[in-house]
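Q: There's a structure below that I have some questions on.
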Amino acid sequence: MTIRIVQYLDLTAFAPTAAIAQSEGKASTKDTVVYGTGSAFIHRYQNYFVNETKTRDNNKYGFMPFSTTGSISNLNGDNSLLSITFPNIPVAMRLLEQGNGNRLSRLTLSTVWLNEDLEETTKAYSEYYIGIGSTVSETTIELRFRSAMDSVGSQFPSRRLTRALVGLLPMNADLYLQ
Amino acid sequence: MAAFPIVNSNGDRIRPSARSFTPGDYPTKIYRSLSGKTIRRSFGSKPTNFQLTLGFNAVSESTLKAIVDHYNGQYGSIVGFTMPKEMFSGLSADVYALFQNPSNTDWFYVESPQIESVFGQYSNVTITLVADLV
């Protein structure tokens with residue numbers, strides 16, 4: 001039995017400002033990197049068809065030799081972790097910088113099974129993640145993601161500390177709801 | 001990208017006297033269960049890791065220098081290059097087309113040229129190359 005899988009990566013990176021995004025846009029010449037609206041960039045890559053650009057859902061996906069590890073599931077089904085490893089090449093570094101170190105990015109990862117003729121079958125599924133950071137080494141760039149879904153628990157929705165609730169954060173632990 | 005030299009500084013031809021070639025393989029991982037059932041996972045659509053070893057017997061210092069200069073010009077195993085068809089002389093065009101420059105690949109040095117002095121200024125030189133997807 002042989003398994004042939006292509007993964008389509010659809011990463012929307014949000015630059016800190018629209019001006020930075022437009023500046024970066026001039027450096028992004030690949031047709032699989034699309035300038036979205038505002039400060040958004042959309043990078044589309046696939047990891048099976050070497051040096052080929054594939055079209056899926058009217059979008060072009062260039063070849064990028066990335067690999068994925070994860071995700072870790074738990075009983076609640078929330079906070080699945082995923083990491084994607086890229087070679088440390090300029091286009092991957094740009095992808096990282098446009099997403100502010102992968103802290104401002106959104107990922108759709110589609111996994112598609114192929115038949116013996118390397119054609120797509122109907123077996124496919126998509127996962128959705130948000131960026132939570134990255135690790136850079138001399139040869140690789142690892143982007144870390146977690147699922148955007150939060151499970152329903154005893155506190156729903158989960159309480160989060162925001163400046164809207166407590167104003168400027170103090171240096172000590174004295175927080176007062178406003 | 002500088003192709004492998006076919007002449008030395010004196011204009012003498014550089015041709016291998018020995019050649020071995022291993023076709024590339026497809027990136028695959030095999031899961032082998034305790035029952036013996038195997039599952040193969042394919043990771044790419046094109047072959048890679050072609051291997052080529054060329055031996056140059058009793059070559060002059062000029063040829064030796066041309067080969068070593070080319071190795072240094074590629075910064076060792078860093079910069080890829082193409083192989084001229086002269087390195088595959090003796091094979092028909094149909095066959096050497098498979099070996100010469102496999103599609104989507106460049107040739108890279110695996111290691112520095114191996115040099116063995118045999119007599120006076122003459123040496124045996126062996127180079128080991130790999131063609132990887134680029």
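Chain lettering (A, B, ...) mirrors the order of the structure tokens, residue numbering begins at 1 for each chain separately, and ligand numbering begins at 1 in order of display.
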Could you please tell me, as a PDB file with all heavy atoms, in the first residue's frame, which residues of chain B have an atom within 6 Å of chain A when using only C-alpha atoms?

A:
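Listed below is the output, iface06.pdb:
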ATOM      1  N   ILE B  39       3.691  -0.142   4.628  1.00  0.00           N
ATOM      2  CA  ILE B  39       2.987   1.015   4.065  1.00  0.00           C
ATOM      3  C   ILE B  39       4.053   1.992   3.602  1.00  0.00           C
ATOM      4  O   ILE B  39       4.941   2.361   4.370  1.00  0.00           O
ATOM      5  CB  ILE B  39       2.095   1.712   5.110  1.00  0.00           C
ATOM      6  CG1 ILE B  39       1.172   0.721   5.809  1.00  0.00           C
ATOM      7  CG2 ILE B  39       1.309   2.843   4.458  1.00  0.00           C
ATOM      8  CD1 ILE B  39       0.092   0.164   4.941  1.00  0.00           C
ATOM      9  N   ARG B  40       3.961   2.395   2.354  1.00  0.00           N
ATOM     10  CA  ARG B  40       4.943   3.336   1.824  1.00  0.00           C
ATOM     11  C   ARG B  40       4.329   4.716   1.685  1.00  0.00           C
ATOM     12  O   ARG B  40       3.241   4.861   1.135  1.00  0.00           O
ATOM     13  CB  ARG B  40       5.449   2.854   0.464  1.00  0.00           C
ATOM     14  CG  ARG B  40       6.382   1.665   0.595  1.00  0.00           C
ATOM     15  CD  ARG B  40       6.699   1.018  -0.739  1.00  0.00           C
ATOM     16  NE  ARG B  40       7.898   0.192  -0.639  1.00  0.00           N
ATOM     17  CZ  ARG B  40       7.953  -0.992  -0.067  1.00  0.00           C
ATOM     18  NH1 ARG B  40       6.858  -1.508   0.491  1.00  0.00           N
ATOM     19  NH2 ARG B  40       9.085  -1.681  -0.021  1.00  0.00           N
ATOM     20  N   ARG B  41       5.028   5.710   2.215  1.00  0.00           N
ATOM     21  CA  ARG B  41       4.547   7.092   2.111  1.00  0.00           C
ATOM     22  C   ARG B  41       5.463   7.837   1.155  1.00  0.00           C
ATOM     23  O   ARG B  41       6.684   7.912   1.375  1.00  0.00           O
ATOM     24  CB  ARG B  41       4.558   7.757   3.491  1.00  0.00           C
ATOM     25  CG  ARG B  41       4.408   9.279   3.478  1.00  0.00           C
ATOM     26  CD  ARG B  41       2.978   9.718   3.285  1.00  0.00           C
ATOM     27  NE  ARG B  41       2.912  11.152   3.016  1.00  0.00           N
ATOM     28  CZ  ARG B  41       2.804  12.097   3.932  1.00  0.00           C
ATOM     29  NH1 ARG B  41       2.757  11.768   5.205  1.00  0.00           N
ATOM     30  NH2 ARG B  41       2.742  13.371   3.593  1.00  0.00           N
ATOM     31  N   SER B  42       4.874   8.338   0.104  1.00  0.00           N
ATOM     32  CA  SER B  42       5.628   9.090  -0.896  1.00  0.00           C
ATOM     33  C   SER B  42       5.621  10.566  -0.529  1.00  0.00           C
ATOM     34  O   SER B  42       4.581  11.122  -0.175  1.00  0.00           O
ATOM     35  CB  SER B  42       4.980   8.876  -2.269  1.00  0.00           C
ATOM     36  OG  SER B  42       5.423   9.849  -3.177  1.00  0.00           O
ATOM     37  N   GLY B  44       7.337  13.026  -2.588  1.00  0.00           N
ATOM     38  CA  GLY B  44       7.667  13.917  -3.695  1.00  0.00           C
ATOM     39  C   GLY B  44       7.408  13.257  -5.031  1.00  0.00           C
ATOM     40  O   GLY B  44       7.373  12.026  -5.138  1.00  0.00           O
ATOM     41  N   SER B  45       7.245  14.092  -6.045  1.00  0.00           N
ATOM     42  CA  SER B  45       6.851  13.574  -7.353  1.00  0.00           C
ATOM     43  C   SER B  45       8.032  13.339  -8.285  1.00  0.00           C
ATOM     44  O   SER B  45       7.854  12.837  -9.379  1.00  0.00           O
ATOM     45  CB  SER B  45       5.888  14.560  -8.016  1.00  0.00           C
ATOM     46  OG  SER B  45       6.515  15.822  -8.174  1.00  0.00           O
TER      47      SER B  45
END

Q: Using only C-alpha atoms, determine which residues lie at most 12 Å from B:Thr82, disregarding the query and same-chain residues fewer than 3 positions distant; provide the list as a list in words.

A: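 Contacts, with the query itself left out: Met1, Ala2, Ala3, Phe4, Pro5, Ile6, His70, Gln74, Val79, Lys85, Glu86, Met87, Phe99, Gln100, Asn101, Pro102, Ser103, Asn104, Thr105, Asp106, Trp107, Phe108, Tyr109, Leu129, Val130, Ala131 and Asp132 of chain B.
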
Q: DSSP on the backbone: which residues in chain B end up as strand (DSSP E or B)? Give the answer as a ChimeraX atom specification.

A: /B:7,13,18-22,25,28-32,38-42,48,50-59,81,105-109,114-119,122-133

Q: How would the residues just picked look written out with N, CA and C atoms as a short mmCIF file (atom, residue, chain, number, x, y, z; two decimals), in the first residue's frame?

A:
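Just written: part00.cif:
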data_model
loop_
_atom_site.label_atom_id
_atom_site.label_comp_id
_atom_site.auth_asym_id
_atom_site.auth_seq_id
_atom_site.Cartn_x
_atom_site.Cartn_y
_atom_site.Cartn_z
N VAL B 7 38.21 20.74 -21.15
CA VAL B 7 39.60 20.89 -21.59
C VAL B 7 40.38 21.56 -20.46
N ARG B 13 42.02 17.53 -23.86
CA ARG B 13 40.69 17.10 -23.49
C ARG B 13 40.70 16.43 -22.11
N ALA B 18 36.98 6.08 -15.98
CA ALA B 18 36.07 5.18 -15.26
C ALA B 18 34.84 5.98 -14.86
N ARG B 19 33.71 5.30 -14.86
CA ARG B 19 32.47 6.03 -14.56
C ARG B 19 31.47 5.07 -13.94
N SER B 20 30.84 5.49 -12.87
CA SER B 20 29.73 4.70 -12.33
C SER B 20 28.59 5.64 -12.00
N PHE B 21 27.38 5.14 -12.19
CA PHE B 21 26.21 5.99 -12.06
C PHE B 21 25.11 5.23 -11.33
N THR B 22 24.44 5.93 -10.42
CA THR B 22 23.29 5.35 -9.73
C THR B 22 22.09 6.26 -9.97
N ASP B 25 16.44 8.25 -6.62
CA ASP B 25 15.29 7.56 -6.04
C ASP B 25 14.23 8.59 -5.63
N THR B 28 10.79 8.58 -0.08
CA THR B 28 9.80 7.64 0.46
C THR B 28 10.19 7.25 1.88
N LYS B 29 9.20 7.05 2.70
CA LYS B 29 9.42 6.43 3.99
C LYS B 29 8.57 5.17 4.05
N ILE B 30 9.12 4.15 4.68
CA ILE B 30 8.41 2.88 4.75
C ILE B 30 8.07 2.58 6.21
N TYR B 31 6.79 2.33 6.47
CA TYR B 31 6.36 1.86 7.78
C TYR B 31 6.22 0.36 7.69
N ARG B 32 6.99 -0.35 8.51
CA ARG B 32 6.95 -1.81 8.47
C ARG B 32 6.34 -2.30 9.78
N THR B 38 3.73 -3.66 4.95
CA THR B 38 4.44 -2.38 4.81
C THR B 38 3.52 -1.34 4.18
N ILE B 39 3.69 -0.14 4.63
CA ILE B 39 2.99 1.01 4.07
C ILE B 39 4.05 1.99 3.60
N ARG B 40 3.96 2.40 2.35
CA ARG B 40 4.94 3.34 1.82
C ARG B 40 4.33 4.72 1.68
N ARG B 41 5.03 5.71 2.21
CA ARG B 41 4.55 7.09 2.11
C ARG B 41 5.46 7.84 1.15
N SER B 42 4.87 8.34 0.10
CA SER B 42 5.63 9.09 -0.90
C SER B 42 5.62 10.57 -0.53
N THR B 48 15.42 12.10 -6.95
CA THR B 48 16.54 12.92 -6.53
C THR B 48 17.68 12.01 -6.08
N PHE B 50 20.69 11.38 -7.43
CA PHE B 50 21.45 10.65 -8.44
C PHE B 50 22.93 10.70 -8.04
N GLN B 51 23.64 9.63 -8.30
CA GLN B 51 25.05 9.61 -7.89
C GLN B 51 25.94 9.27 -9.09
N LEU B 52 27.05 9.95 -9.14
CA LEU B 52 27.98 9.76 -10.25
C LEU B 52 29.41 9.82 -9.73
N THR B 53 30.18 8.83 -10.09
CA THR B 53 31.60 8.83 -9.73
C THR B 53 32.41 8.75 -11.01
N LEU B 54 33.34 9.67 -11.15
CA LEU B 54 34.20 9.70 -12.34
C LEU B 54 35.64 9.53 -11.91
N GLY B 55 36.34 8.67 -12.63
CA GLY B 55 37.76 8.47 -12.38
C GLY B 55 38.58 8.95 -13.56
N PHE B 56 39.63 9.68 -13.28
CA PHE B 56 40.53 10.19 -14.33
C PHE B 56 41.91 9.62 -14.04
N ASN B 57 42.34 8.69 -14.86
CA ASN B 57 43.59 8.00 -14.57
C ASN B 57 44.77 8.67 -15.27
N ALA B 58 45.88 8.78 -14.53
CA ALA B 58 47.16 9.28 -15.07
C ALA B 58 46.98 10.59 -15.82
N VAL B 59 46.38 11.55 -15.16
CA VAL B 59 46.17 12.86 -15.82
C VAL B 59 47.33 13.79 -15.49
N PHE B 81 26.19 22.55 -10.57
CA PHE B 81 26.70 22.77 -11.92
C PHE B 81 26.14 21.69 -12.85
N THR B 105 17.47 19.07 -11.51
CA THR B 105 18.58 18.83 -10.58
C THR B 105 19.83 19.58 -11.04
N ASP B 106 20.72 19.75 -10.10
CA ASP B 106 22.09 20.21 -10.38
C ASP B 106 23.05 19.18 -9.78
N TRP B 107 24.23 19.11 -10.35
CA TRP B 107 25.25 18.25 -9.78
C TRP B 107 26.00 19.01 -8.69
N PHE B 108 26.35 18.29 -7.63
CA PHE B 108 27.12 18.87 -6.52
C PHE B 108 28.25 17.90 -6.16
N TYR B 109 29.36 18.45 -5.75
CA TYR B 109 30.43 17.60 -5.22
C TYR B 109 29.98 17.03 -3.87
N GLN B 114 39.55 13.23 -4.90
CA GLN B 114 40.55 12.33 -4.32
C GLN B 114 41.70 12.18 -5.32
N ILE B 115 42.88 12.51 -4.88
CA ILE B 115 44.04 12.56 -5.78
C ILE B 115 45.09 11.56 -5.32
N GLU B 116 45.53 10.75 -6.26
CA GLU B 116 46.56 9.75 -5.95
C GLU B 116 47.70 9.94 -6.97
N SER B 117 48.87 10.27 -6.47
CA SER B 117 50.02 10.43 -7.37
C SER B 117 50.51 9.07 -7.82
N VAL B 118 50.72 8.93 -9.13
CA VAL B 118 51.13 7.61 -9.63
C VAL B 118 52.54 7.62 -10.23
N PHE B 119 52.89 8.68 -10.93
CA PHE B 119 54.23 8.71 -11.51
C PHE B 119 54.56 10.16 -11.89
N TYR B 122 52.08 12.85 -12.93
CA TYR B 122 50.79 12.24 -13.29
C TYR B 122 50.06 11.70 -12.06
N SER B 123 48.74 11.87 -12.09
CA SER B 123 47.93 11.49 -10.92
C SER B 123 46.64 10.83 -11.36
N ASN B 124 46.09 10.02 -10.46
CA ASN B 124 44.72 9.53 -10.62
C ASN B 124 43.80 10.43 -9.79
N VAL B 125 42.73 10.87 -10.41
CA VAL B 125 41.79 11.75 -9.72
C VAL B 125 40.41 11.11 -9.77
N THR B 126 39.75 11.09 -8.63
CA THR B 126 38.38 10.58 -8.56
C THR B 126 37.48 11.65 -7.97
N ILE B 127 36.35 11.91 -8.64
CA ILE B 127 35.38 12.84 -8.08
C ILE B 127 34.06 12.11 -7.87
N THR B 128 33.40 12.46 -6.79
CA THR B 128 32.11 11.86 -6.45
C THR B 128 31.06 12.96 -6.42
N LEU B 129 30.00 12.76 -7.20
CA LEU B 129 28.99 13.80 -7.36
C LEU B 129 27.60 13.26 -7.01
N VAL B 130 26.73 14.18 -6.66
CA VAL B 130 25.33 13.84 -6.44
C VAL B 130 24.48 14.89 -7.15
N ALA B 131 23.40 14.44 -7.77
CA ALA B 131 22.46 15.38 -8.39
C ALA B 131 21.22 15.46 -7.51
N ASP B 132 21.01 16.65 -6.96
CA ASP B 132 19.86 16.86 -6.08
C ASP B 132 18.88 17.83 -6.73
N LEU B 133 17.62 17.70 -6.34
CA LEU B 133 16.60 18.63 -6.82
C LEU B 133 16.90 20.04 -6.32
#

Q: Which residues in chain B does DSSP call helix (DSSP H, G or I)? List them as a ChimeraX atom specification.

A: /B:61-73,85-88,93-99

Q: Could you take the residues named above and write them with C-alpha atoms, as a PDB file, in the first residue's frame?

A:
ATOM      1  CA  GLU B  61      49.009  18.507 -13.671  1.00  0.00           C
ATOM      2  CA  SER B  62      47.072  20.832 -15.974  1.00  0.00           C
ATOM      3  CA  THR B  63      44.059  18.522 -15.889  1.00  0.00           C
ATOM      4  CA  LEU B  64      44.453  18.012 -12.164  1.00  0.00           C
ATOM      5  CA  LYS B  65      44.499  21.770 -11.691  1.00  0.00           C
ATOM      6  CA  ALA B  66      41.418  22.255 -13.906  1.00  0.00           C
ATOM      7  CA  ILE B  67      39.445  19.791 -11.809  1.00  0.00           C
ATOM      8  CA  VAL B  68      40.561  21.247  -8.491  1.00  0.00           C
ATOM      9  CA  ASP B  69      39.959  24.791  -9.762  1.00  0.00           C
ATOM     10  CA  HIS B  70      36.423  23.786 -10.724  1.00  0.00           C
ATOM     11  CA  TYR B  71      35.876  22.265  -7.289  1.00  0.00           C
ATOM     12  CA  ASN B  72      37.002  25.510  -5.664  1.00  0.00           C
ATOM     13  CA  GLY B  73      34.934  27.559  -8.112  1.00  0.00           C
ATOM     14  CA  LYS B  85      27.947  15.251 -22.521  1.00  0.00           C
ATOM     15  CA  GLU B  86      31.649  14.524 -23.061  1.00  0.00           C
ATOM     16  CA  MET B  87      31.730  12.973 -19.593  1.00  0.00           C
ATOM     17  CA  PHE B  88      29.345  10.311 -20.881  1.00  0.00           C
ATOM     18  CA  ALA B  93      22.294   9.810 -26.765  1.00  0.00           C
ATOM     19  CA  ASP B  94      19.178   8.075 -25.453  1.00  0.00           C
ATOM     20  CA  VAL B  95      21.064   6.707 -22.496  1.00  0.00           C
ATOM     21  CA  TYR B  96      23.316   9.563 -21.531  1.00  0.00           C
ATOM     22  CA  ALA B  97      20.303  11.903 -21.655  1.00  0.00           C
ATOM     23  CA  LEU B  98      19.067  10.019 -18.583  1.00  0.00           C
ATOM     24  CA  PHE B  99      22.312  10.562 -16.737  1.00  0.00           C
TER      25      PHE B  99
END

Q: Could you pull the residues within 12 Å of A:Asp57, counting only C-alpha atoms, minus those fewer than 4 positions along the same chain, as a PDB file with C-alpha atoms, in the first residue's frame?

A:
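Final output, saved to out_35.pdb:
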ATOM      1  CA  TYR A   8      -1.714  22.868   0.471  1.00  0.00           C
ATOM      2  CA  ASP A  10      -2.756  28.868   2.652  1.00  0.00           C
ATOM      3  CA  ARG A  44       0.034  29.685  -1.114  1.00  0.00           C
ATOM      4  CA  TYR A  61       0.090  27.090  -5.185  1.00  0.00           C
ATOM      5  CA  SER A 110      -5.452  21.222   3.357  1.00  0.00           C
TER       6      SER A 110
END

Q: Work out how far apart atom CA of A:Leu82 and atom CA of A:Thr69 are and give it in Å to one decimal.

A: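 According to the coordinates, atom CA of A:Leu82 and atom CA of A:Thr69 are separated by 5.9 Å.
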
Q: For the atom pair atom CA of A:Arg146 and atom CA of A:Gly133, what is the interatomic distance in Å to one decimal place?

A: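 Going from atom CA of A:Arg146 over to atom CA of A:Gly133 covers 9.8 Å.
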